[in-house]
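What's in entry23.pdb: PDB, C-alpha atoms
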```
MODEL        1
ATOM      1  CA  MET A1141       0.000   0.000   0.000
ATOM      2  CA  ALA A1142       2.951   2.356   0.516
ATOM      3  CA  TYR A1143       3.633   2.173  -3.228
ATOM      4  CA  VAL A1144       0.020   3.111  -3.990
ATOM      5  CA  LEU A1145       0.252   6.031  -1.556
ATOM      6  CA  GLY A1146       3.452   7.249  -3.230
ATOM      7  CA  PHE A1147       1.894   6.916  -6.662
ATOM      8  CA  PHE A1148      -1.220   8.752  -5.483
ATOM      9  CA  ALA A1149       1.005  11.579  -4.195
ATOM     10  CA  ALA A1150       2.253  11.975  -7.759
ATOM     11  CA  ASP A1151      -0.703  11.149 -10.005
ATOM     12  CA  GLY A1152      -3.767  10.916  -7.798
ATOM     13  CA  TYR A1153      -6.425  13.390  -6.770
ATOM     14  CA  ILE A1154      -9.580  13.738  -4.700
ATOM     15  CA  THR A1155     -12.769  15.088  -6.211
ATOM     16  CA  VAL A1156     -16.159  15.975  -4.720
ATOM     17  CA  ASN A1157     -19.219  16.109  -6.967
ATOM     18  CA  LYS A1158     -22.314  18.335  -6.712
ATOM     19  CA  ARG A1159     -24.037  15.794  -4.472
ATOM     20  CA  ASP A1160     -21.072  15.804  -2.073
ATOM     21  CA  GLY A1161     -19.990  12.374  -3.270
ATOM     22  CA  GLN A1162     -16.278  11.916  -2.588
ATOM     23  CA  PHE A1163     -13.927  10.055  -4.892
ATOM     24  CA  TRP A1164     -10.223   9.409  -5.065
ATOM     25  CA  CYS A1165      -8.809   8.807  -8.518
ATOM     26  CA  ILE A1166      -5.677   7.776 -10.355
ATOM     27  CA  ASP A1167      -5.459   8.680 -14.040
ATOM     28  CA  ILE A1168      -2.382   7.376 -15.927
ATOM     29  CA  LEU A1169      -1.116   6.183 -19.304
ATOM     30  CA  ASP A1170      -0.019   2.735 -18.135
ATOM     31  CA  GLY A1171      -3.023   0.406 -17.987
ATOM     32  CA  ALA A1172      -1.066  -2.635 -16.806
ATOM     33  CA  LEU A1173       0.243  -0.791 -13.755
ATOM     34  CA  LEU A1174      -3.206   0.551 -12.884
ATOM     35  CA  ARG A1175      -4.654  -2.958 -13.084
ATOM     36  CA  GLU A1176      -1.965  -4.122 -10.666
ATOM     37  CA  ILE A1177      -2.794  -1.243  -8.306
ATOM     38  CA  LYS A1178      -6.462  -2.212  -8.519
ATOM     39  CA  ARG A1179      -5.565  -5.804  -7.619
ATOM     40  CA  ILE A1180      -3.434  -4.753  -4.649
ATOM     41  CA  ILE A1181      -6.164  -2.569  -3.109
ATOM     42  CA  GLU A1182      -8.748  -5.289  -3.850
ATOM     43  CA  SER A1183     -10.995  -2.928  -5.756
ATOM     44  CA  GLU A1184     -13.966  -4.111  -7.820
ATOM     45  CA  HIS A1185     -14.328  -0.757  -9.563
ATOM     46  CA  LYS A1186     -13.943  -0.618 -13.323
ATOM     47  CA  ILE A1187     -11.002   1.036 -15.019
ATOM     48  CA  SER A1188     -12.270   3.514 -17.589
ATOM     49  CA  LEU A1189     -10.541   4.850 -20.702
ATOM     50  CA  ARG A1190     -10.300   8.548 -21.408
ATOM     51  CA  LYS A1191      -8.903  10.441 -24.380
ATOM     52  CA  ARG A1192      -6.609  13.327 -23.620
ATOM     53  CA  LYS A1193      -7.016  16.648 -25.374
ATOM     54  CA  GLY A1194      -6.089  16.268 -29.007
ATOM     55  CA  GLY A1195      -6.937  12.573 -28.951
ATOM     56  CA  LYS A1196      -3.323  11.410 -29.257
ATOM     57  CA  HIS A1197      -3.190   9.496 -25.992
ATOM     58  CA  VAL A1198      -5.585   7.348 -24.018
ATOM     59  CA  THR A1199      -5.376   7.351 -20.236
ATOM     60  CA  TYR A1200      -6.665   4.783 -17.788
ATOM     61  CA  ARG A1201      -8.618   5.981 -14.767
ATOM     62  CA  LEU A1202      -9.541   4.212 -11.564
ATOM     63  CA  GLN A1203     -12.133   6.164  -9.556
ATOM     64  CA  ILE A1204     -13.235   4.951  -6.141
ATOM     65  CA  GLY A1205     -16.080   6.511  -4.203
ATOM     66  CA  SER A1206     -15.336   6.390  -0.491
ATOM     67  CA  GLY A1207     -15.668   9.280   1.931
ATOM     68  CA  GLU A1208     -13.758   7.306   4.563
ATOM     69  CA  MET A1209     -10.771   6.694   2.289
ATOM     70  CA  CYS A1210     -10.784  10.325   1.134
ATOM     71  CA  ASP A1211     -10.773  11.489   4.761
ATOM     72  CA  ASP A1212      -7.844   9.148   5.474
ATOM     73  CA  LEU A1213      -5.947  10.663   2.543
ATOM     74  CA  ARG A1214      -6.716  14.188   3.777
ATOM     75  CA  ARG A1215      -5.325  13.323   7.194
ATOM     76  CA  LEU A1216      -2.124  12.292   5.422
ATOM     77  CA  GLY A1217      -1.967  15.688   3.733
ATOM     78  CA  PHE A1218      -3.526  14.790   0.381
ATOM     79  CA  ASN A1219      -6.355  17.282   0.052
ATOM     80  CA  GLU A1220      -8.127  18.532  -3.076
ATOM     81  CA  ARG A1221      -5.456  21.191  -3.653
ATOM     82  CA  LYS A1222      -2.444  19.077  -2.806
ATOM     83  CA  THR A1223      -0.227  20.116  -5.737
ATOM     84  CA  LYS A1224       1.606  23.008  -4.051
ATOM     85  CA  ASN A1225       0.949  22.042  -0.434
ATOM     86  CA  LEU A1226       2.037  18.406  -0.578
ATOM     87  CA  CYS A1227       4.222  17.083   2.218
ATOM     88  CA  VAL A1228       5.724  13.652   2.853
ATOM     89  CA  PRO A1229       3.395  11.695   5.143
ATOM     90  CA  TYR A1230       4.676   9.474   7.903
ATOM     91  CA  VAL A1231       5.866   6.261   6.282
ATOM     92  CA  PRO A1232       7.717   3.689   8.429
ATOM     93  CA  ASN A1233      11.268   3.025   7.213
ATOM     94  CA  ILE A1234      10.371  -0.562   6.346
ATOM     95  CA  TYR A1235       7.949   0.721   3.677
ATOM     96  CA  LEU A1236       9.821   3.837   2.569
ATOM     97  CA  HIS A1237      11.358   2.167  -0.508
ATOM     98  CA  ASP A1238       7.859   1.316  -1.769
ATOM     99  CA  PHE A1239       6.590   4.861  -1.207
ATOM    100  CA  VAL A1240       9.580   6.402  -2.984
ATOM    101  CA  ARG A1241       9.280   3.965  -5.898
ATOM    102  CA  GLY A1242       5.580   4.789  -6.201
ATOM    103  CA  TYR A1243       6.258   8.509  -6.350
ATOM    104  CA  PHE A1244       9.154   7.972  -8.748
ATOM    105  CA  ASP A1245       6.928   6.003 -11.115
ATOM    106  CA  GLY A1246       4.412   8.839 -11.054
ATOM    107  CA  ASP A1247       6.586  11.987 -11.056
ATOM    108  CA  GLY A1248      10.129  10.740 -11.489
ATOM    109  CA  HIS A1249      12.459  10.396 -14.422
ATOM    110  CA  VAL A1250      15.714   8.584 -15.121
ATOM    111  CA  TRP A1251      18.016   9.497 -18.000
ATOM    112  CA  LYS A1252      21.148   7.854 -19.319
ATOM    113  CA  GLY A1253      23.336   9.281 -22.049
ATOM    114  CA  LEU A1254      26.755  10.451 -23.134
ATOM    115  CA  ILE A1255      28.732  13.480 -22.032
ATOM    116  CA  HIS A1256      32.012  14.830 -23.421
ATOM    117  CA  LYS A1257      30.973  13.589 -26.881
ATOM    118  CA  SER A1258      33.520  15.836 -28.587
ATOM    119  CA  ARG A1259      36.451  14.221 -26.748
ATOM    120  CA  LYS A1260      38.258  11.078 -27.822
ATOM    121  CA  THR A1261      36.968   9.310 -24.729
ATOM    122  CA  PHE A1262      33.310   9.969 -23.963
ATOM    123  CA  THR A1263      31.572   9.252 -20.668
ATOM    124  CA  ILE A1264      28.257   7.516 -20.143
ATOM    125  CA  THR A1265      26.227   8.933 -17.290
ATOM    126  CA  ILE A1266      22.894   8.584 -15.538
ATOM    127  CA  GLN A1267      20.703  11.084 -13.733
ATOM    128  CA  THR A1268      17.612  10.529 -11.619
ATOM    129  CA  VAL A1269      15.030  13.255 -11.032
ATOM    130  CA  PHE A1270      11.951  13.675  -8.828
ATOM    131  CA  THR A1271       9.608  16.530  -9.797
ATOM    132  CA  SER A1272       7.010  18.345  -7.689
ATOM    133  CA  CYS A1273       5.304  21.720  -7.406
ATOM    134  CA  SER A1274       5.836  21.410  -3.644
ATOM    135  CA  LEU A1275       9.309  22.341  -2.441
ATOM    136  CA  ARG A1276       8.436  20.998   1.003
ATOM    137  CA  PHE A1277       7.629  17.568  -0.437
ATOM    138  CA  LEU A1278      10.949  17.270  -2.274
ATOM    139  CA  GLU A1279      12.838  18.421   0.811
ATOM    140  CA  GLY A1280      11.044  15.701   2.761
ATOM    141  CA  ILE A1281      11.954  13.033   0.187
ATOM    142  CA  LYS A1282      15.571  14.225   0.171
ATOM    143  CA  ASN A1283      15.818  14.098   3.964
ATOM    144  CA  ARG A1284      14.251  10.635   4.199
ATOM    145  CA  LEU A1285      16.515   9.243   1.478
ATOM    146  CA  GLU A1286      19.587  10.541   3.277
ATOM    147  CA  THR A1287      18.758   8.254   6.188
ATOM    148  CA  SER A1288      19.062   5.354   3.708
ATOM    149  CA  ASP A1289      22.456   6.539   2.390
ATOM    150  CA  VAL A1290      21.056   8.082  -0.803
ATOM    151  CA  LYS A1291      22.722  11.463  -0.491
ATOM    152  CA  ARG A1292      23.797  14.617  -2.324
ATOM    153  CA  GLY A1293      20.438  15.284  -3.888
ATOM    154  CA  VAL A1294      20.191  18.782  -5.359
ATOM    155  CA  ILE A1295      16.900  20.718  -5.468
ATOM    156  CA  ARG A1296      16.490  23.401  -8.125
ATOM    157  CA  LYS A1297      13.612  25.534  -9.306
ATOM    158  CA  GLY A1298      12.436  24.590 -12.792
ATOM    159  CA  LYS A1299      11.452  27.019 -15.534
ATOM    160  CA  GLY A1300       7.797  26.489 -14.691
ATOM    161  CA  ASN A1301       5.999  26.329 -11.363
ATOM    162  CA  TYR A1302       7.838  23.250 -10.154
ATOM    163  CA  TYR A1303      11.028  21.995  -8.496
ATOM    164  CA  ARG A1304      13.400  19.143  -9.284
ATOM    165  CA  LEU A1305      15.340  16.893  -6.917
ATOM    166  CA  THR A1306      18.275  15.452  -8.865
ATOM    167  CA  TYR A1307      20.793  12.677  -8.190
ATOM    168  CA  SER A1308      23.924  11.990 -10.211
ATOM    169  CA  VAL A1309      25.619   8.666 -10.967
ATOM    170  CA  LEU A1310      26.665   7.224  -7.592
ATOM    171  CA  ASN A1311      23.478   8.093  -5.755
ATOM    172  CA  SER A1312      21.292   7.152  -8.716
ATOM    173  CA  LEU A1313      22.740   3.649  -8.396
ATOM    174  CA  LYS A1314      22.104   3.707  -4.646
ATOM    175  CA  LEU A1315      18.569   4.816  -5.393
ATOM    176  CA  TYR A1316      18.138   1.855  -7.745
ATOM    177  CA  ASP A1317      19.236  -0.524  -4.977
ATOM    178  CA  PHE A1318      16.914   1.197  -2.526
ATOM    179  CA  MET A1319      13.838   1.087  -4.762
ATOM    180  CA  TYR A1320      14.197  -2.286  -6.482
ATOM    181  CA  ASN A1321      16.330  -4.700  -4.473
ATOM    182  CA  ARG A1322      13.515  -5.563  -2.059
ATOM    183  CA  LEU A1323      10.751  -6.142  -4.583
ATOM    184  CA  GLY A1324      10.346  -9.859  -3.956
ATOM    185  CA  THR A1325       7.339 -10.965  -6.002
ATOM    186  CA  SER A1326       5.878  -7.456  -6.245
ATOM    187  CA  ARG A1327       4.945  -6.239  -9.723
ATOM    188  CA  LEU A1328       4.384  -2.681  -8.587
ATOM    189  CA  PHE A1329       6.916  -0.822 -10.690
ATOM    190  CA  LEU A1330       7.199   0.651 -14.157
ATOM    191  CA  LYS A1331       9.448  -1.674 -16.096
ATOM    192  CA  ARG A1332      10.567   0.974 -18.578
ATOM    193  CA  LYS A1333      12.131   3.074 -15.812
ATOM    194  CA  LYS A1334      13.797   0.129 -14.095
ATOM    195  CA  VAL A1335      15.287  -0.967 -17.423
ATOM    196  CA  VAL A1336      17.052   2.392 -17.921
ATOM    197  CA  PHE A1337      19.062   1.822 -14.728
ATOM    198  CA  GLU A1338      19.886  -1.735 -15.736
ATOM    199  CA  LYS A1339      21.031  -0.777 -19.237
ATOM    200  CA  PHE A1340      23.338   1.832 -17.736
ATOM    201  CA  MET A1341      24.811  -0.656 -15.274
ATOM    202  CA  LYS A1342      25.344  -3.201 -18.043
ATOM    203  CA  ILE A1343      27.172  -0.695 -20.282
ATOM    204  CA  ARG A1344      29.221   0.570 -17.364
ATOM    205  CA  LYS A1345      30.295  -2.952 -16.469
ATOM    206  CA  MET A1346      31.301  -3.688 -20.079
ATOM    207  CA  ARG A1347      33.443  -0.521 -20.192
ATOM    208  CA  SER A1348      35.193  -1.131 -16.871
TER
ENDMDL
END
```
Same coordinates, now as structure tokens:
Amino acid sequence: MAYVLGFFAADGYITVNKRDGQFWCIDILDGALLREIKRIIESEHKISLRKRKGGKHVTYRLQIGSGEMCDDLRRLGFNERKTKNLCVPYVPNIYLHDFVRGYFDGDGHVWKGLIHKSRKTFTITIQTVFTSCSLRFLEGIKNRLETSDVKRGVIRKGKGNYYRLTYSVLNSLKLYDFMYNRLGTSRLFLKRKKVVFEKFMKIRKMRS
């Protein structure tokens, strides 16, 4: 459930209709992941398909009507206007890796590529980024990760109304270990992001 909470922090929202019906929703591009989330929370609600503006992409939405669950989320700091006011809720250390991985899958990014291309010997590098409109949330993530030896994260203001928490090579690899090395049989992760780390590690090993 910590993964689902982290993912909700990134890509979830609470809505209240005209009849005061309360719903919490997750709306994403990856249908397979949303079906796995649905299975984990033991929901019988249907996943609906929605076309984004322009009709180029289809998103998958899980909407659950539950005032009790919405109130629980509010107590954790996830209110209807959570975007700029988000803070890291209390998550026991034993579940922190799941929460961080959930948020990373929702509002994180990993990039691998080459630097010093003009030199005779180029360097392959990797960079991991968490994005949020809430500076307080990223500071909370940074502080919690430092207790797990993922350090030297740098927070910068983006060009828009958002902030980025960035990790370079060494701590990106520590972050990989932290997020994925205790998965067990869990399928709660975006494969495409995990693969970027693994391709980098494979190339790095071949070049060493």
Residue nearest Met1346 in chain A - candidates A:Val1231, A:Val1290, A:Ile1264, A:Leu1275, atoms counted: all atoms listed in the file =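 Nearest candidate to Met1346 in chain A out of A:Val1231, A:Val1290, A:Ile1264, A:Leu1275: A:Ile1264.
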Would you compute, for all listed atoms of range 1326-1336 of chain A, the axis-aligned bounding box grown by 3 Å on each side, and then report its centre and edge lengths in Å rounded to one decimal, as lines of an AutoDock Vina configuration file?
```
center_x = 10.7
center_y = -2.2
center_z = -12.4
size_x = 18.7
size_y = 16.5
size_z = 18.3
```
May I have the residues at most 12 Å from (-2.9, 6.6, -4.5) in the file's coordinates, counting all atoms listed in the file, as a ChimeraX atom specification?
-> /A:1141-1154,1163-1168,1174,1177-1178,1180-1181,1201-1204,1209-1210,1212-1214,1216,1218,1239,1242-1243,1245-1246
Record the distance separating CA of Asp1170 in chain A and CA of Gly1248 in chain A, expressed in Å with one decimal.
->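 So the two atoms, CA of Asp1170 in chain A and CA of Gly1248 in chain A, lie 14.5 Å apart.
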Between CA of Ile1234 in chain A and CA of Tyr1303 in chain A, measure the distance and give it in Å to one decimal.
->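 Taking CA of Ile1234 in chain A as the start and CA of Tyr1303 in chain A as the end point, the length is 27.0 Å.
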Return as a ChimeraX atom specification the set of residues that the PyMOL selection byres ((chain A and resi 1341) around 12) yields on the displayed structure.
-> /A:1252,1264-1266,1309-1310,1312-1314,1316-1317,1334-1340,1342-1348
Restricting it to C-alpha atoms, dump the selection as a PDB file, in the coordinates of the input.
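Result written to again-v5.pdb:
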```pdb
ATOM      1  CA  LYS A1252      21.148   7.854 -19.319  1.00  0.00           C
ATOM      2  CA  ILE A1264      28.257   7.516 -20.143  1.00  0.00           C
ATOM      3  CA  THR A1265      26.227   8.933 -17.290  1.00  0.00           C
ATOM      4  CA  ILE A1266      22.894   8.584 -15.538  1.00  0.00           C
ATOM      5  CA  VAL A1309      25.619   8.666 -10.967  1.00  0.00           C
ATOM      6  CA  LEU A1310      26.665   7.224  -7.592  1.00  0.00           C
ATOM      7  CA  SER A1312      21.292   7.152  -8.716  1.00  0.00           C
ATOM      8  CA  LEU A1313      22.740   3.649  -8.396  1.00  0.00           C
ATOM      9  CA  LYS A1314      22.104   3.707  -4.646  1.00  0.00           C
ATOM     10  CA  TYR A1316      18.138   1.855  -7.745  1.00  0.00           C
ATOM     11  CA  ASP A1317      19.236  -0.524  -4.977  1.00  0.00           C
ATOM     12  CA  LYS A1334      13.797   0.129 -14.095  1.00  0.00           C
ATOM     13  CA  VAL A1335      15.287  -0.967 -17.423  1.00  0.00           C
ATOM     14  CA  VAL A1336      17.052   2.392 -17.921  1.00  0.00           C
ATOM     15  CA  PHE A1337      19.062   1.822 -14.728  1.00  0.00           C
ATOM     16  CA  GLU A1338      19.886  -1.735 -15.736  1.00  0.00           C
ATOM     17  CA  LYS A1339      21.031  -0.777 -19.237  1.00  0.00           C
ATOM     18  CA  PHE A1340      23.338   1.832 -17.736  1.00  0.00           C
ATOM     19  CA  LYS A1342      25.344  -3.201 -18.043  1.00  0.00           C
ATOM     20  CA  ILE A1343      27.172  -0.695 -20.282  1.00  0.00           C
ATOM     21  CA  ARG A1344      29.221   0.570 -17.364  1.00  0.00           C
ATOM     22  CA  LYS A1345      30.295  -2.952 -16.469  1.00  0.00           C
ATOM     23  CA  MET A1346      31.301  -3.688 -20.079  1.00  0.00           C
ATOM     24  CA  ARG A1347      33.443  -0.521 -20.192  1.00  0.00           C
ATOM     25  CA  SER A1348      35.193  -1.131 -16.871  1.00  0.00           C
TER      26      SER A1348
END
```
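Taking CA of Thr1271 in chain A and CA of Asp1247 in chain A as endpoints, the distance between them is 5.6 Å.
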Residue with smallest distance to Gln1162 in chain A - pool A:Asn1233, A:Asn1219, A:Ser1206, A:Asn1225, counting all atoms listed in the file | A:Ser1206
Skipping near chain neighbours, those fewer than 2 positions away, what residues fall within 7 Å of Val1269 in chain A using only C-alpha atoms, listed as an NGL selection string?
-> :A and (1248-1250 or 1267 or 1271 or 1304-1307)
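Closest to Ile1295 in chain A among A:Leu1226, A:Leu1323, A:Ile1255, A:Ile1281 is A:Ile1281, based on only C-alpha atoms.
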Which is closer to Gly1217 in chain A than all the others in A:Tyr1320, A:Phe1277, A:Tyr1200, A:Phe1329, using only C-alpha atoms?
-> A:Phe1277
Which is closer to Asn1301 in chain A than all the others in A:Lys1224, A:Arg1192, A:Arg1159, A:His1197, using all atoms listed in the file?
-> A:Lys1224
From the list A:Arg1241, A:Lys1158, A:Arg1276, A:Lys1299, which residue is nearest Leu1330 in chain A when using only C-alpha atoms?
-> A:Arg1241
Residues at most 9 Å from range 1284-1289 of chain A, counting all atoms listed in the file, excluding those fewer than 3 positions away in the same chain, as a ChimeraX atom specification?
-> /A:1233,1236-1237,1240,1279-1281,1292-1293,1311,1314-1315,1318
